[in-house]
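Pasting start_32.tsv here (TSV, C-alpha atoms and all ligand atoms):
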```
chain	number	residue	atom	x	y	z
X	27	MET	CA	0.00	0.00	0.00
X	28	ARG	CA	1.24	3.49	-0.86
X	29	ILE	CA	1.40	5.83	2.15
X	30	LYS	CA	2.05	9.55	1.89
X	31	ASP	CA	4.00	10.97	4.81
X	32	LYS	CA	6.84	13.43	5.38
X	33	ASN	CA	9.30	10.88	3.97
X	34	THR	CA	7.46	10.41	0.69
X	35	CYS	CA	9.13	12.09	-2.26
X	36	PRO	CA	7.06	15.15	-3.30
X	37	TYR	CA	7.51	14.22	-6.99
X	38	ALA	CA	6.32	10.62	-6.55
X	39	ASP	CA	3.01	11.16	-8.36
X	40	TYR	CA	4.62	12.57	-11.50
X	41	CYS	CA	8.15	11.23	-11.80
X	42	GLY	CA	8.58	7.81	-13.40
X	43	GLY	CA	11.85	7.17	-11.56
X	44	CYS	CA	10.65	5.36	-8.42
X	45	GLN	CA	7.73	2.96	-8.70
X	46	MET	CA	7.85	2.06	-4.98
X	47	GLN	CA	7.71	5.56	-3.45
X	48	GLY	CA	5.41	5.66	-0.42
X	49	ILE	CA	5.98	1.98	0.35
X	50	PRO	CA	8.02	1.45	3.56
X	51	TYR	CA	11.44	0.00	2.73
X	52	ALA	CA	10.88	-3.27	4.64
X	53	GLN	CA	7.73	-3.84	2.57
X	54	GLN	CA	9.59	-3.06	-0.65
X	55	LEU	CA	12.03	-5.83	0.23
X	56	ASN	CA	9.18	-8.25	1.01
X	57	LYS	CA	7.55	-7.49	-2.34
X	58	LYS	CA	10.81	-8.04	-4.21
X	59	GLU	CA	11.45	-11.30	-2.41
X	60	ALA	CA	7.92	-12.47	-3.19
X	61	ARG	CA	8.38	-11.60	-6.87
X	62	MET	CA	11.63	-13.54	-7.10
X	63	ASN	CA	10.02	-16.52	-5.35
X	64	GLN	CA	7.17	-16.38	-7.83
X	65	LEU	CA	9.53	-16.17	-10.83
X	66	LEU	CA	12.36	-18.47	-9.76
X	67	GLY	CA	10.96	-20.52	-6.87
X	68	ARG	CA	10.27	-23.51	-9.15
X	69	PHE	CA	14.01	-23.81	-9.87
X	70	HIS	CA	15.34	-23.56	-6.31
X	71	SER	CA	14.61	-21.92	-2.96
X	72	VAL	CA	15.37	-18.18	-2.99
X	73	ASN	CA	17.58	-16.67	-0.24
X	74	PRO	CA	16.25	-13.64	1.68
X	75	ILE	CA	17.01	-10.48	-0.32
X	76	LEU	CA	20.11	-8.46	0.71
X	77	GLY	CA	18.75	-5.00	1.56
X	78	MET	CA	20.38	-1.69	2.52
X	79	GLN	CA	20.71	-0.16	6.00
X	80	ASP	CA	20.10	3.28	4.56
X	81	PRO	CA	18.23	3.11	1.23
X	82	TYR	CA	18.50	6.83	0.35
X	83	HIS	CA	20.84	8.75	-1.98
X	84	TYR	CA	22.55	5.61	-3.26
X	85	ARG	CA	22.77	6.52	-6.98
X	86	ASN	CA	26.23	7.70	-7.99
X	87	LYS	CA	25.36	8.16	-11.66
X	88	ILE	CA	22.61	10.62	-12.45
X	89	ASN	CA	21.15	11.77	-15.76
X	90	ALA	CA	18.93	14.83	-16.00
X	91	SER	CA	17.38	16.54	-19.04
X	92	PHE	CA	16.80	20.21	-19.86
X	93	ALA	CA	13.84	22.01	-21.40
X	94	TYR	CA	12.14	25.41	-21.37
X	95	ALA	CA	8.89	25.94	-19.47
X	96	ASP	CA	7.38	29.43	-19.65
X	97	HIS	CA	10.77	30.85	-20.76
X	98	ARG	CA	12.41	29.31	-17.69
X	99	VAL	CA	15.10	26.62	-17.94
X	100	ILE	CA	13.94	23.48	-16.15
X	101	CYS	CA	15.87	20.30	-15.47
X	102	GLY	CA	14.91	16.86	-14.18
X	103	ASN	CA	13.65	13.41	-15.20
X	104	TYR	CA	11.25	12.61	-18.00
X	105	VAL	CA	7.86	11.42	-16.76
X	106	GLU	CA	7.81	7.76	-17.85
X	107	SER	CA	7.07	7.25	-21.60
X	108	THR	CA	6.68	11.01	-22.19
X	109	HIS	CA	8.83	14.02	-22.98
X	110	MET	CA	7.57	16.00	-20.01
X	111	ILE	CA	10.17	16.89	-17.41
X	112	VAL	CA	9.64	16.68	-13.63
X	113	GLU	CA	11.93	19.00	-11.69
X	114	SER	CA	13.04	16.57	-8.99
X	115	LYS	CA	15.56	18.90	-7.35
X	116	ASP	CA	16.17	16.92	-4.20
X	117	CYS	CA	15.61	13.44	-5.55
X	118	GLN	CA	15.83	10.97	-2.66
X	119	ILE	CA	17.79	8.29	-4.49
X	120	ASN	CA	20.42	10.50	-6.18
X	121	ASP	CA	23.71	11.45	-4.57
X	122	GLU	CA	23.00	14.71	-2.72
X	123	LYS	CA	25.99	16.59	-4.12
X	124	ALA	CA	24.97	15.58	-7.64
X	125	ASN	CA	21.45	16.95	-7.01
X	126	GLU	CA	23.04	20.24	-5.94
X	127	ILE	CA	25.33	20.42	-8.99
X	128	ILE	CA	22.47	19.72	-11.40
X	129	GLU	CA	20.47	22.57	-9.89
X	130	SER	CA	23.53	24.87	-10.17
X	131	ILE	CA	23.90	23.97	-13.86
X	132	ARG	CA	20.24	24.83	-14.41
X	133	VAL	CA	20.68	28.22	-12.71
X	134	LEU	CA	23.88	28.93	-14.69
X	135	ALA	CA	22.24	27.92	-17.97
X	136	GLN	CA	19.53	30.47	-17.21
X	137	LYS	CA	22.07	33.12	-16.13
X	138	TYR	CA	24.21	32.79	-19.28
X	139	ARG	CA	21.18	32.32	-21.55
X	140	ILE	CA	22.55	29.07	-22.88
X	141	SER	CA	20.28	27.70	-25.58
X	142	ILE	CA	18.38	24.54	-24.66
X	143	PHE	CA	18.03	21.66	-27.12
X	144	ASN	CA	14.69	21.30	-28.87
X	145	GLU	CA	13.61	17.64	-29.15
X	146	ASP	CA	11.31	18.38	-32.13
X	147	THR	CA	13.65	20.42	-34.33
X	148	LEU	CA	16.79	18.62	-33.06
X	149	LYS	CA	18.46	22.03	-32.78
X	150	GLY	CA	19.92	23.97	-29.84
X	151	GLY	CA	22.45	23.57	-27.06
X	152	LEU	CA	22.16	21.94	-23.64
X	153	ARG	CA	20.15	18.69	-23.73
X	154	HIS	CA	21.17	16.47	-20.79
X	155	VAL	CA	23.71	16.33	-18.00
X	156	MET	CA	25.24	13.14	-16.68
X	157	ILE	CA	27.04	13.18	-13.34
X	158	ARG	CA	29.15	10.42	-11.86
X	159	VAL	CA	30.41	10.62	-8.28
X	160	SER	CA	33.17	8.30	-7.10
X	161	SER	CA	33.34	6.95	-3.57
X	162	SER	CA	36.40	9.10	-2.86
X	163	GLY	CA	34.39	12.16	-3.92
X	164	GLU	CA	35.74	12.79	-7.45
X	165	ILE	CA	32.98	14.11	-9.70
X	166	MET	CA	32.63	13.90	-13.50
X	167	VAL	CA	30.17	16.22	-15.27
X	168	VAL	CA	29.17	15.34	-18.84
X	169	LEU	CA	27.30	18.12	-20.64
X	170	VAL	CA	25.33	16.59	-23.50
X	171	CYS	CA	24.57	19.20	-26.16
X	172	GLY	CA	23.10	19.41	-29.65
X	173	SER	CA	26.43	20.64	-31.03
X	174	MET	CA	30.10	20.76	-30.06
X	175	SER	CA	30.06	24.54	-29.86
X	176	VAL	CA	27.48	26.13	-27.58
X	177	MET	CA	27.61	29.86	-26.84
X	178	HIS	CA	28.63	30.74	-23.26
X	179	LEU	CA	29.15	27.13	-22.20
X	180	ASP	CA	32.74	28.04	-21.24
X	181	GLU	CA	31.45	30.59	-18.74
X	182	LEU	CA	29.11	28.01	-17.23
X	183	VAL	CA	31.95	25.48	-16.88
X	184	LYS	CA	34.29	28.08	-15.35
X	185	GLU	CA	31.76	29.11	-12.71
X	186	LEU	CA	30.76	25.51	-11.97
X	187	LYS	CA	34.38	24.44	-11.38
X	188	LYS	CA	34.93	27.39	-9.06
X	189	LYS	CA	31.85	26.56	-7.01
X	190	TYR	CA	32.58	22.80	-6.83
X	191	PRO	CA	36.31	22.03	-6.58
X	192	GLU	CA	35.37	18.34	-6.24
X	193	ILE	CA	34.48	18.34	-9.96
X	194	THR	CA	37.65	16.77	-11.36
X	195	THR	CA	36.59	16.53	-14.98
X	196	VAL	CA	34.05	18.10	-17.35
X	197	VAL	CA	33.25	16.47	-20.69
X	198	LEU	CA	31.23	17.76	-23.64
X	199	ASN	CA	29.25	15.17	-25.60
X	200	GLN	CA	27.26	15.78	-28.77
X	201	ASN	CA	23.88	14.14	-29.21
X	202	ASN	CA	21.58	15.72	-31.82
X	203	ARG	CA	19.83	12.54	-32.88
X	204	HIS	CA	16.26	11.48	-32.31
X	205	THR	CA	16.98	8.90	-29.61
X	206	SER	CA	16.26	7.97	-26.02
X	207	MET	CA	19.98	7.30	-25.47
X	208	VAL	CA	21.56	10.05	-23.37
X	209	LEU	CA	25.06	10.10	-24.87
X	210	GLY	CA	25.96	10.64	-28.52
X	211	ASN	CA	29.13	9.56	-30.31
X	212	GLN	CA	31.35	12.64	-30.18
X	213	THR	CA	33.11	13.56	-26.94
X	214	LYS	CA	35.60	16.28	-25.98
X	215	THR	CA	37.19	16.78	-22.57
X	216	LEU	CA	36.75	20.40	-21.48
X	217	TYR	CA	38.54	20.05	-18.17
X	218	GLY	CA	40.52	17.36	-16.31
X	219	LYS	CA	41.26	13.80	-17.41
X	220	GLY	CA	37.96	12.87	-19.07
X	221	TYR	CA	37.29	10.03	-16.60
X	222	ILE	CA	37.05	9.45	-12.85
X	223	THR	CA	38.51	6.74	-10.66
X	224	ASP	CA	36.16	4.84	-8.37
X	225	GLN	CA	36.88	2.22	-5.73
X	226	LEU	CA	35.17	-1.15	-5.27
X	227	CYS	CA	36.21	-3.95	-2.88
X	228	GLY	CA	39.68	-2.42	-2.47
X	229	LEU	CA	40.53	-1.97	-6.19
X	230	ASP	CA	40.57	1.24	-8.26
X	231	PHE	CA	38.50	1.49	-11.43
X	232	ARG	CA	38.81	4.11	-14.13
X	233	VAL	CA	35.35	4.96	-15.49
X	234	SER	CA	34.86	6.87	-18.77
X	235	PRO	CA	31.61	8.62	-19.67
X	236	LYS	CA	30.32	5.76	-21.85
X	237	SER	CA	31.47	2.81	-19.76
X	238	PHE	CA	28.96	0.85	-17.70
X	239	PHE	CA	29.65	1.05	-13.97
X	240	GLN	CA	27.23	-0.09	-11.27
X	241	VAL	CA	25.40	2.87	-9.68
X	242	ASN	CA	25.11	1.73	-6.05
X	243	LYS	CA	28.55	1.18	-4.51
X	244	ARG	CA	27.47	-0.44	-1.23
X	245	GLN	CA	25.22	-3.00	-2.88
X	246	THR	CA	27.64	-3.61	-5.76
X	247	GLU	CA	30.22	-4.74	-3.23
X	248	ALA	CA	27.62	-7.07	-1.68
X	249	LEU	CA	26.73	-8.36	-5.17
X	250	TYR	CA	30.31	-9.00	-6.26
X	251	ASN	CA	31.22	-10.63	-2.91
X	252	THR	CA	28.20	-12.91	-3.28
X	253	ALA	CA	29.28	-13.92	-6.79
X	254	ILE	CA	32.84	-14.67	-5.60
X	255	ARG	CA	31.58	-16.64	-2.58
X	256	MET	CA	29.25	-18.71	-4.78
X	257	ALA	CA	31.96	-19.45	-7.34
X	258	HIS	CA	34.08	-21.04	-4.59
X	259	PHE	CA	37.26	-20.87	-6.69
X	260	GLU	CA	40.12	-23.31	-6.06
X	261	GLY	CA	42.92	-21.29	-7.68
X	262	LYS	CA	43.32	-23.42	-10.83
X	263	GLU	CA	40.44	-22.16	-12.93
X	264	THR	CA	40.26	-20.46	-16.29
X	265	LEU	CA	37.40	-18.01	-15.79
X	266	ILE	CA	35.38	-16.07	-18.35
X	267	ASP	CA	33.98	-12.71	-17.17
X	268	ALA	CA	31.29	-12.22	-19.81
X	269	TYR	CA	29.71	-8.78	-20.34
X	270	CYS	CA	32.60	-7.47	-18.21
X	271	GLY	CA	32.17	-3.68	-18.54
X	272	THR	CA	35.29	-2.03	-17.08
X	273	GLY	CA	36.54	-5.42	-15.87
X	274	THR	CA	35.37	-5.08	-12.26
X	275	ILE	CA	34.28	-8.67	-11.55
X	276	GLY	CA	37.13	-10.34	-13.42
X	277	LEU	CA	39.72	-8.14	-11.72
X	278	LEU	CA	38.30	-8.97	-8.29
X	279	CYS	CA	38.27	-12.70	-9.12
X	280	ALA	CA	41.79	-12.76	-10.61
X	281	LYS	CA	43.57	-13.47	-7.32
X	282	HIS	CA	41.33	-16.51	-6.75
X	283	VAL	CA	41.90	-18.24	-10.14
X	284	LYS	CA	44.64	-19.14	-12.64
X	285	GLU	CA	43.53	-16.82	-15.45
X	286	VAL	CA	40.61	-14.61	-16.46
X	287	ILE	CA	39.35	-13.53	-19.87
X	288	GLY	CA	36.90	-10.62	-19.90
X	289	VAL	CA	34.66	-9.97	-22.92
X	290	GLU	CA	32.61	-6.84	-23.57
X	291	LEU	CA	31.05	-5.14	-26.60
X	292	ASN	CA	31.78	-1.52	-25.61
X	293	LYS	CA	35.27	-0.56	-26.78
X	294	ASP	CA	35.55	2.36	-24.32
X	295	ALA	CA	34.80	0.02	-21.42
X	296	ILE	CA	37.47	-2.42	-22.69
X	297	LYS	CA	40.01	0.41	-22.83
X	298	ASP	CA	39.15	1.21	-19.21
X	299	ALA	CA	39.37	-2.49	-18.29
X	300	VAL	CA	42.89	-2.85	-19.75
X	301	ILE	CA	44.06	0.24	-17.83
X	302	ASN	CA	42.30	-0.99	-14.68
X	303	ALA	CA	44.24	-4.29	-14.87
X	304	LYS	CA	47.51	-2.38	-15.22
X	305	ASN	CA	46.75	0.11	-12.44
X	306	ASN	CA	45.74	-2.67	-10.04
X	307	ARG	CA	48.79	-4.77	-11.06
X	308	VAL	CA	46.68	-7.74	-12.13
X	309	ASP	CA	48.53	-9.69	-14.81
X	310	ASN	CA	46.57	-12.95	-15.15
X	311	ILE	CA	43.69	-11.26	-16.99
X	312	ARG	CA	43.09	-10.21	-20.60
X	313	PHE	CA	40.18	-8.47	-22.26
X	314	VAL	CA	38.50	-8.91	-25.63
X	315	ALA	CA	36.21	-6.35	-27.30
X	316	ASP	CA	33.54	-8.49	-28.95
X	317	ASP	CA	29.98	-9.70	-28.72
X	318	ALA	CA	29.99	-12.16	-25.81
X	319	GLY	CA	28.20	-14.84	-27.89
X	320	ASN	CA	30.68	-14.54	-30.78
X	321	PHE	CA	33.57	-14.78	-28.37
X	322	MET	CA	32.15	-17.88	-26.64
X	323	ARG	CA	31.77	-19.48	-30.09
X	324	SER	CA	35.41	-18.73	-30.87
X	325	LEU	CA	36.39	-20.52	-27.63
X	326	VAL	CA	34.33	-23.53	-28.77
X	327	ARG	CA	36.19	-23.55	-32.11
X	328	GLU	CA	39.54	-23.38	-30.28
X	329	LYS	CA	38.38	-26.22	-27.95
X	330	LYS	CA	39.51	-24.05	-25.03
X	331	LYS	CA	38.92	-25.60	-21.59
X	332	ILE	CA	36.84	-23.23	-19.48
X	333	ASP	CA	36.26	-24.02	-15.81
X	334	ALA	CA	33.95	-21.20	-14.77
X	335	VAL	CA	31.88	-18.44	-16.35
X	336	ILE	CA	30.51	-15.37	-14.62
X	337	LEU	CA	28.03	-13.57	-16.84
X	338	ASP	CA	26.42	-10.21	-16.14
X	339	PRO	CA	24.41	-9.40	-19.27
X	340	PRO	CA	22.20	-6.35	-19.87
X	341	ARG	CA	18.51	-6.51	-18.92
X	342	LYS	CA	17.49	-8.53	-21.98
X	343	GLY	CA	19.70	-11.41	-20.83
X	344	ALA	CA	22.04	-13.62	-22.83
X	345	ASP	CA	21.12	-14.69	-26.36
X	346	ARG	CA	20.91	-18.25	-27.71
X	347	LYS	CA	24.30	-17.91	-29.37
X	348	PHE	CA	25.88	-17.24	-25.97
X	349	LEU	CA	23.90	-19.92	-24.13
X	350	ASP	CA	24.56	-22.64	-26.75
X	351	ALA	CA	28.28	-21.92	-26.73
X	352	LEU	CA	28.23	-21.94	-22.92
X	353	LEU	CA	26.56	-25.36	-22.99
X	354	THR	CA	29.20	-26.69	-25.41
X	355	LEU	CA	32.08	-25.30	-23.32
X	356	SER	CA	30.35	-26.90	-20.33
X	357	PRO	CA	32.17	-25.09	-17.48
X	358	LYS	CA	31.88	-26.69	-14.07
X	359	LYS	CA	30.39	-23.55	-12.55
X	360	VAL	CA	28.32	-20.72	-13.93
X	361	VAL	CA	27.53	-17.63	-11.86
X	362	TYR	CA	24.75	-15.63	-13.50
X	363	ILE	CA	24.35	-12.00	-12.33
X	364	SER	CA	21.15	-10.50	-13.64
X	365	CYS	CA	19.34	-7.17	-13.58
X	366	GLY	CA	16.42	-8.59	-15.62
X	367	PRO	CA	14.39	-11.15	-13.63
X	368	GLU	CA	12.21	-12.14	-16.63
X	369	SER	CA	15.13	-12.78	-18.99
X	370	LEU	CA	16.92	-14.55	-16.13
X	371	LYS	CA	13.97	-16.90	-15.75
X	372	GLU	CA	14.01	-17.69	-19.48
X	373	ASN	CA	17.78	-18.21	-19.61
X	374	LEU	CA	17.68	-20.44	-16.51
X	375	ALA	CA	14.87	-22.53	-18.01
X	376	TYR	CA	17.03	-23.01	-21.14
X	377	LEU	CA	20.15	-24.03	-19.18
X	378	THR	CA	18.39	-26.30	-16.69
X	379	LYS	CA	16.78	-28.29	-19.54
X	380	ARG	CA	20.23	-28.86	-21.01
X	381	GLY	CA	22.48	-30.17	-18.28
X	382	TYR	CA	22.74	-27.51	-15.57
X	383	GLN	CA	21.26	-27.41	-12.12
X	384	ILE	CA	20.64	-24.37	-9.94
X	385	ARG	CA	22.40	-24.46	-6.58
X	386	GLU	CA	21.68	-21.05	-5.06
X	387	ILE	CA	19.63	-17.93	-5.79
X	388	GLN	CA	20.48	-14.65	-4.05
X	389	PRO	CA	18.48	-11.48	-4.79
X	390	VAL	CA	20.21	-8.18	-4.01
X	391	ALA	CA	18.32	-4.88	-3.57
X	392	MET	CA	20.49	-2.61	-5.71
X	393	PHE	CA	17.83	-0.02	-6.50
X	394	PRO	CA	15.64	0.91	-3.47
X	395	PHE	CA	12.31	2.61	-4.28
X	396	THR	CA	12.31	1.20	-7.82
X	397	ASN	CA	10.93	-2.11	-9.12
X	398	HIS	CA	14.35	-3.31	-10.21
X	399	ILE	CA	16.02	-6.33	-8.66
X	400	GLU	CA	19.49	-7.73	-9.14
X	401	THR	CA	20.03	-11.48	-8.65
X	402	VAL	CA	23.03	-13.80	-8.42
X	403	VAL	CA	22.48	-17.45	-9.33
X	404	LEU	CA	24.93	-20.34	-9.04
X	405	LEU	CA	24.60	-23.20	-11.52
X	406	SER	CA	26.70	-26.30	-11.92
X	407	ARG	CA	26.48	-29.39	-14.12
X	408	THR	CA	23.60	-31.69	-13.26
X	409	GLY	CA	24.61	-34.71	-11.24
X	410	GLU	CA	27.94	-33.25	-10.10
X	411	LYS	CA	28.84	-32.03	-6.63
X	412	PRO	CA	27.34	-28.53	-6.17
X	413	ARG	CA	30.70	-26.90	-5.40
X	501	LIG	C1	24.95	-5.11	-16.62
X	501	LIG	S1	26.41	-4.52	-17.41
X	501	LIG	C2	27.63	-5.38	-16.50
X	501	LIG	C3	29.01	-4.79	-16.54
X	501	LIG	C4	30.00	-5.30	-15.50
X	501	LIG	N1	29.94	-6.72	-15.34
X	501	LIG	C5	29.84	-4.58	-14.18
X	501	LIG	O1	29.41	-5.19	-13.19
X	501	LIG	O2	30.16	-3.39	-14.11
X	501	LIG	C6	26.29	-5.30	-18.94
X	501	LIG	C7	27.45	-5.04	-19.87
X	501	LIG	O3	27.24	-5.81	-21.07
X	501	LIG	C8	27.73	-5.09	-22.17
X	501	LIG	N2	27.10	-5.70	-23.36
X	501	LIG	C9	25.86	-5.48	-23.88
X	501	LIG	N3	25.64	-6.31	-24.92
X	501	LIG	C10	26.76	-7.08	-25.06
X	501	LIG	C11	27.11	-8.13	-25.95
X	501	LIG	N4	26.28	-8.55	-26.90
X	501	LIG	N5	28.32	-8.71	-25.80
X	501	LIG	C12	29.18	-8.28	-24.83
X	501	LIG	N6	28.89	-7.28	-23.96
X	501	LIG	C13	27.70	-6.70	-24.06
X	501	LIG	C14	27.34	-3.66	-21.86
X	501	LIG	O4	28.12	-2.75	-22.60
X	501	LIG	C15	27.60	-3.59	-20.35
X	501	LIG	O5	28.92	-3.16	-20.08
```
I need this file expressed as structure tokens, please.
Ligand SMILES: C[S@@+](CC[C@H](N)C(=O)[O-])C[C@H]1O[C@@H](n2cnc3c(N)ncnc32)[C@H](O)[C@@H]1O
Amino acid sequence: MRIKDKNTCPYADYCGGCQMQGIPYAQQLNKKEARMNQLLGRFHSVNPILGMQDPYHYRNKINASFAYADHRVICGNYVESTHMIVESKDCQINDEKANEIIESIRVLAQKYRISIFNEDTLKGGLRHVMIRVSSSGEIMVVLVCGSMSVMHLDELVKELKKKYPEITTVVLNQNNRHTSMVLGNQTKTLYGKGYITDQLCGLDFRVSPKSFFQVNKRQTEALYNTAIRMAHFEGKETLIDAYCGTGTIGLLCAKHVKEVIGVELNKDAIKDAVINAKNNRVDNIRFVADDAGNFMRSLVREKKKIDAVILDPPRKGADRKFLDALLTLSPKKVVYISCGPESLKENLAYLTKRGYQIREIQPVAMFPFTNHIETVVLLSRTGEKPR
């Protein structure tokens, strides 16, 4: 039941961001656990969900969009499935400093009369801002604009840097296409290094504007530690980190196994991953920029012996190409990290009909106040010892 009290976000009725606003956090966890039991309970019992002590202000990557309303610059989230913007200035799930910076950018855009992008004509300047905050407090601001030259943007950047010394880099990105993607193809660093360094489970990770990086540090550490615990490595394994992003999981597993190969489609993320390996002095890992399914097929052709696979695909799950190659490689252990419960259910049904058995299911509450659920599942070959 949705309750409105002093803790309920004032934008809850309009903003599409949080579907579970007004539901006490303990109840949110119960609902998520019930949903996972309903979806996956037929495969195996589901562990109690790992929740957060403090479920507020956990998002360290925030996107906001700009528009005009009555000649005023406004900035916030799109109302779900529309192009209307809700000005959610003190959003309860975003990092608080990022909320403050976004509001400052809005005020500066108004002050310097910076043109705002028009979604219909695909013309104009400021369209979105993306902010990433690292756990050590470094901040990256990506200004997404309709063109690479926007009048008075330099003044905005100068004033912003002065007000927030914790902003270590500012990047300009051009996106003038008709798309729901935030970032376009062209990028130019206006200030600093063009990336930030974040910390997870004791390692440093360089994160570029376009690389995927989990948005909730505390729960990401819980998620990765769960995956490593489930995998129960013995030190001799060849491990595939599929859909590896900036190499986080593979780099954390490297000290527990013989060798790791990470595969990822996004070339920027692979560049980050290679540098992350070097910076963290991990030398038993290599990375391949490719479609994960194609890469798994190439391992089948090479008859490479693979002992374990950790996969962390996007919401739509892994495709048949990937799953069939996985089945042929037949690793002893598979740890499936999923942010898409429905695709997870489908993929698990496919694997369990073809020689794998589920040994453990652990939901993790990565995104309080939203419907989203992250899950870690351990599979091993049917009929063999679970670990
Ligand atoms: C949920 S993220 C996981 C990233 C990483 N494991 C982490 O925890 O930060 C999914 C990743 O899959 C990548 N990806 C999407 N489709 C892919 C494909 N067909 N082959 C390989 N990687 C893909 C995305 O670029 C993204 O980095």
Write out as number ranges by chain which residues come within 12 Å of stretch 288-290 of chain X when counting only C-alpha atoms, dropping same-chain ones fewer than 2 positions away.
-> X: 237-238, 264-280, 285-286, 292-300, 303, 310-322, 324-325, 335-340, 348
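Residues in contact with X:Cys44 at up to 6 Å, not including ones fewer than 3 positions away on its chain and judged by all atoms listed in the file, are X:Gln47, X:Phe395, X:Thr396.
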Counting all atoms listed in the file, the option among X:Thr354, X:Asn397, X:Thr252, X:Gln240 closest to ligand LIG 501 (chain X) | X:Gln240
With all atoms listed in the file as the atoms that count, which of X:Glu386, X:Glu145, X:Glu181, X:Glu372 lies nearest to X:Val72?
->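 Result for the nearest residue to X:Val72: X:Glu386.
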Around ligand LIG 501 (chain X), with edges along x, y and z and 6 Å added on all six sides, what centre and edge lengths do you get, in Å to one decimal, as lines of an AutoDock Vina configuration file?
```
center_x = 27.6
center_y = -5.7
center_z = -20.0
size_x = 17.2
size_y = 18.0
size_z = 25.7
```
Given all atoms listed in the file as the counted atoms, nearest of X:Val167, X:Cys41, X:Ile301, X:Val112 to X:Arg232 |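 Selected residue with least distance to X:Arg232: X:Ile301.
Pairwise distance (atom CA of X:Ser175, atom CA of X:Arg139) equals 14.4 Å.
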Measuring atom to atom with all atoms listed in the file, identify which of X:Thr378, X:Gln200, X:Gln212, X:Asn73 is nearest to X:Gly409.
->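 The answer is X:Thr378, which sits nearest to X:Gly409.
Shortest separation to ligand LIG 501 (chain X) among X:Gln383, X:Asn56, X:Ser364, X:Asn86 occurs at residue X:Ser364, atoms counted being all atoms listed in the file.
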Between atom CA of X:Ala391 and atom CA of X:Leu249 - distance in Å to one decimal = 9.2 Å
Could you check how far atom CA of X:Gly381 sits from atom CA of X:Glu328, in Å to one decimal?
->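 For atom CA of X:Gly381 relative to atom CA of X:Glu328, the distance reads 21.9 Å.
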Sphere at (13.1, -20.5, -13.2), radius 7 Å, counting only C-alpha atoms: residues as a list in words |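 Within 7 Å of (13.1, -20.5, -13.2), the protein and nucleic acid residues are Leu65, Leu66, Gly67, Arg68, Phe69, Lys371, Glu372, Leu374 and Ala375 of chain X.
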Which polymer residues have any atom within 6 Å of an atom of stretch 218-227 of chain X, counting all atoms listed in the file, with same-chain residues fewer than 5 positions away left out, as JSON, numbers by chain?
-> {"X": [160, 161, 194, 195, 232, 233, 234]}
Of the residues X:Pro367, X:Pro235, X:Gly343, X:Pro357, which is the one nearest to ligand LIG 501 (chain X), using all atoms listed in the file?
-> X:Gly343
In the coordinates of the file, take the point (17.7, 1.9, -1.2) and a cut-off of 9 Å; then, counting all atoms listed in the file, name each qualifying protein, DNA or RNA residue as a ChimeraX atom specification.
-> /X:51,77-85,119,242,391-396
With C-alpha atoms retained, could you export that selection as a JSON list (two decimals), in the coordinates of the input?
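result.json was written with the following content:
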```json
[["chain", "number", "residue", "atom", "x", "y", "z"],
["X", 51, "TYR", "CA", 11.44, 0.00, 2.73],
["X", 77, "GLY", "CA", 18.75, -5.00, 1.56],
["X", 78, "MET", "CA", 20.38, -1.69, 2.52],
["X", 79, "GLN", "CA", 20.71, -0.16, 6.00],
["X", 80, "ASP", "CA", 20.10, 3.28, 4.56],
["X", 81, "PRO", "CA", 18.23, 3.11, 1.23],
["X", 82, "TYR", "CA", 18.50, 6.83, 0.35],
["X", 83, "HIS", "CA", 20.84, 8.75, -1.98],
["X", 84, "TYR", "CA", 22.55, 5.61, -3.26],
["X", 85, "ARG", "CA", 22.77, 6.52, -6.98],
["X", 119, "ILE", "CA", 17.79, 8.29, -4.49],
["X", 242, "ASN", "CA", 25.11, 1.73, -6.05],
["X", 391, "ALA", "CA", 18.32, -4.88, -3.57],
["X", 392, "MET", "CA", 20.49, -2.61, -5.71],
["X", 393, "PHE", "CA", 17.83, -0.02, -6.50],
["X", 394, "PRO", "CA", 15.64, 0.91, -3.47],
["X", 395, "PHE", "CA", 12.31, 2.61, -4.28],
["X", 396, "THR", "CA", 12.31, 1.20, -7.82]]
```
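Shell of stretch 202-211 of chain X at 10 Å, with only C-alpha atoms counted and residues fewer than 6 places along the chain excluded, is Asn89, Ala90, Ser91, Phe143, Asn144, Glu145, Asp146, Thr147, Leu148, Lys149, Gly150, Gly151, Arg153, His154, Val155, Met156, Val168, Leu169, Val170, Cys171, Gly172, Ser173, Pro235 and Lys236 of chain X.
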Please fill the gaps in stretch 79-83 of chain X so it has N, CA and C atoms, and write that as a short mmCIF file (atom, residue, chain, number, x, y, z; two decimals), in the coordinates of the input.
```cif
data_model
loop_
_atom_site.label_atom_id
_atom_site.label_comp_id
_atom_site.auth_asym_id
_atom_site.auth_seq_id
_atom_site.Cartn_x
_atom_site.Cartn_y
_atom_site.Cartn_z
N GLN X 79 20.99 -0.80 4.69
CA GLN X 79 20.71 -0.16 6.00
C GLN X 79 20.03 1.17 5.76
N ASP X 80 20.63 1.96 4.86
CA ASP X 80 20.10 3.28 4.56
C ASP X 80 19.81 3.33 3.05
N PRO X 81 18.54 3.26 2.67
CA PRO X 81 18.23 3.11 1.23
C PRO X 81 18.15 4.43 0.45
N TYR X 82 18.62 5.52 1.03
CA TYR X 82 18.50 6.83 0.35
C TYR X 82 19.81 7.24 -0.32
N HIS X 83 19.69 8.09 -1.34
CA HIS X 83 20.84 8.75 -1.98
C HIS X 83 21.96 7.78 -2.38
#
```
